[in-house]
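One structure is given below, encoded as structure tokens.
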Amino acid sequence: MDPDLMLVIGLVVGAFSIPSIMGSLSDGRVPRAAAIAVMVAGGLIVLAIRDNPGGYALEDIPDVFVSVIGRYVN
């Protein structure tokens, strides 16, 4: 799998887990599904950083999103 794709999927899954965490905590439930999503997102991000030879800078993330979306939309 492409490291850029792993980074984008990891960031999206991590972003989607935040509302799940907040909702379960506000209802007084344990955020089990959100914890699994955070672990999956973290694993994908770590794999992407490890597989990319130069790593990722914070400034590179928007360019990575655009390139991945452009690659799979076209």
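So you can find residues: chains in the structure tokens are A, B, ... in the order shown, residues in each start at 1, and ligands are numbered from 1 in order.
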Residues of region 18-70 of chain A within 10 Å of region 5-11 of chain A: nearest atom pair and distance (Å, one decimal) for each, counting only C-alpha atoms, sorted by chain and number, as CSV?
residue,atom,partner,partner_atom,distance
A:Ala37,CA,A:Gly10,CA,9.2
A:Val38,CA,A:Gly10,CA,8.7
A:Met39,CA,A:Gly10,CA,9.5
A:Val40,CA,A:Gly10,CA,7.2
A:Ala41,CA,A:Gly10,CA,4.1
A:Gly42,CA,A:Gly10,CA,6.6
A:Gly43,CA,A:Gly10,CA,7.6
A:Leu44,CA,A:Gly10,CA,5.1
A:Ile45,CA,A:Leu7,CA,5.0
A:Val46,CA,A:Leu7,CA,8.2
A:Leu47,CA,A:Met6,CA,7.4
A:Ala48,CA,A:Leu7,CA,5.4
A:Ile49,CA,A:Leu7,CA,7.7
A:Asp51,CA,A:Met6,CA,9.7
A:Asn52,CA,A:Leu7,CA,10.0
A:Tyr56,CA,A:Leu7,CA,9.4
A:Ile61,CA,A:Val8,CA,8.4
A:Pro62,CA,A:Val8,CA,9.7
A:Val64,CA,A:Val8,CA,7.5
A:Phe65,CA,A:Val8,CA,6.2
A:Val66,CA,A:Val8,CA,9.8
A:Ser67,CA,A:Leu5,CA,9.4
A:Val68,CA,A:Leu5,CA,6.3
A:Ile69,CA,A:Leu5,CA,9.0
**Item:** 12 Å contact set for Ile36 (chain A), only C-alpha atoms, chain neighbours under 4 positions out, as a VMD selection string
**Value:** chain A and resid 13 to 14 16 to 18 20 to 21 30 to 32 40 to 43
Just-selected residues, all heavy atoms written as a compact mmCIF listing (two decimals), in the first residue's frame:
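Contents of out.txt, as written:
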# COMPACT_ATOMS: atom_id res chain seq x y z
N VAL A 13 -9.59 8.38 9.51
CA VAL A 13 -10.16 7.51 10.55
C VAL A 13 -9.98 8.16 11.92
O VAL A 13 -10.89 8.13 12.76
CB VAL A 13 -9.53 6.11 10.49
CG1 VAL A 13 -9.90 5.28 11.71
CG2 VAL A 13 -9.95 5.40 9.23
N GLY A 14 -8.83 8.76 12.16
CA GLY A 14 -8.60 9.44 13.43
C GLY A 14 -9.52 10.62 13.63
O GLY A 14 -10.02 10.86 14.74
N PHE A 16 -12.52 10.95 12.27
CA PHE A 16 -13.87 10.45 12.48
C PHE A 16 -14.06 9.82 13.84
O PHE A 16 -15.19 9.66 14.31
CB PHE A 16 -14.26 9.45 11.39
CG PHE A 16 -14.63 10.08 10.08
CD1 PHE A 16 -14.44 9.41 8.89
CD2 PHE A 16 -15.20 11.34 10.03
CE1 PHE A 16 -14.78 9.98 7.69
CE2 PHE A 16 -15.54 11.92 8.83
CZ PHE A 16 -15.34 11.24 7.64
N SER A 17 -12.99 9.46 14.51
CA SER A 17 -13.14 8.84 15.83
C SER A 17 -13.38 9.88 16.93
O SER A 17 -13.90 9.54 17.99
CB SER A 17 -11.89 8.01 16.17
OG SER A 17 -10.78 8.84 16.36
N ILE A 18 -13.04 11.12 16.67
CA ILE A 18 -13.22 12.17 17.69
C ILE A 18 -14.69 12.37 18.06
O ILE A 18 -15.02 12.40 19.25
CB ILE A 18 -12.55 13.48 17.23
CG1 ILE A 18 -11.03 13.30 17.18
CG2 ILE A 18 -12.91 14.64 18.17
CD1 ILE A 18 -10.28 14.44 16.55
N SER A 20 -17.03 10.21 17.86
CA SER A 20 -17.44 8.99 18.54
C SER A 20 -16.96 8.98 19.99
O SER A 20 -17.70 8.56 20.89
CB SER A 20 -16.88 7.77 17.80
OG SER A 20 -17.21 6.60 18.47
N ILE A 21 -15.77 9.45 20.22
CA ILE A 21 -15.25 9.54 21.59
C ILE A 21 -16.09 10.52 22.40
O ILE A 21 -16.49 10.23 23.53
CB ILE A 21 -13.77 9.97 21.58
CG1 ILE A 21 -12.89 8.87 21.00
CG2 ILE A 21 -13.30 10.34 22.97
CD1 ILE A 21 -11.46 9.31 20.74
N VAL A 30 -18.36 3.60 27.69
CA VAL A 30 -16.94 3.42 27.41
C VAL A 30 -16.74 3.48 25.90
O VAL A 30 -17.44 2.80 25.15
CB VAL A 30 -16.45 2.05 27.95
CG1 VAL A 30 -14.99 1.85 27.62
CG2 VAL A 30 -16.69 1.94 29.43
N PRO A 31 -15.80 4.30 25.42
CA PRO A 31 -15.61 4.44 23.97
C PRO A 31 -14.79 3.30 23.36
O PRO A 31 -13.66 3.48 22.92
CB PRO A 31 -14.88 5.78 23.85
CG PRO A 31 -14.14 5.91 25.13
CD PRO A 31 -15.00 5.25 26.17
N ARG A 32 -15.35 2.10 23.32
CA ARG A 32 -14.63 0.94 22.81
C ARG A 32 -14.35 1.03 21.32
O ARG A 32 -13.23 0.82 20.87
CB ARG A 32 -15.40 -0.33 23.11
CG ARG A 32 -15.39 -0.69 24.56
CD ARG A 32 -16.09 -2.02 24.81
NE ARG A 32 -16.14 -2.27 26.24
CZ ARG A 32 -17.19 -2.05 26.99
NH1 ARG A 32 -18.29 -1.57 26.46
NH2 ARG A 32 -17.15 -2.31 28.28
N VAL A 40 -6.23 1.90 15.14
CA VAL A 40 -6.05 1.64 13.71
C VAL A 40 -5.46 2.86 13.02
O VAL A 40 -4.53 2.76 12.21
CB VAL A 40 -7.40 1.23 13.06
CG1 VAL A 40 -7.32 1.25 11.55
CG2 VAL A 40 -7.83 -0.13 13.56
N ALA A 41 -5.98 4.04 13.35
CA ALA A 41 -5.47 5.28 12.75
C ALA A 41 -4.01 5.50 13.12
O ALA A 41 -3.19 5.85 12.26
CB ALA A 41 -6.32 6.46 13.20
N GLY A 42 -3.69 5.29 14.38
CA GLY A 42 -2.29 5.46 14.81
C GLY A 42 -1.37 4.48 14.12
O GLY A 42 -0.25 4.83 13.73
N GLY A 43 -1.81 3.23 13.97
CA GLY A 43 -1.00 2.24 13.28
C GLY A 43 -0.76 2.60 11.83
O GLY A 43 0.36 2.46 11.31
**Message:** as an MDAnalysis selection string, please: every residue in chain A that a backbone DSSP assignment puts in alpha helix (DSSP H).
**Reply:** chainID A and resid 3:27 32:51 61:73
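When CA of Glu59 (chain A) is paired with CA of Met22 (chain A), their separation reads 27.9 Å.
Note that CA of Arg71 (chain A) and CA of Val12 (chain A) are 16.8 Å apart.
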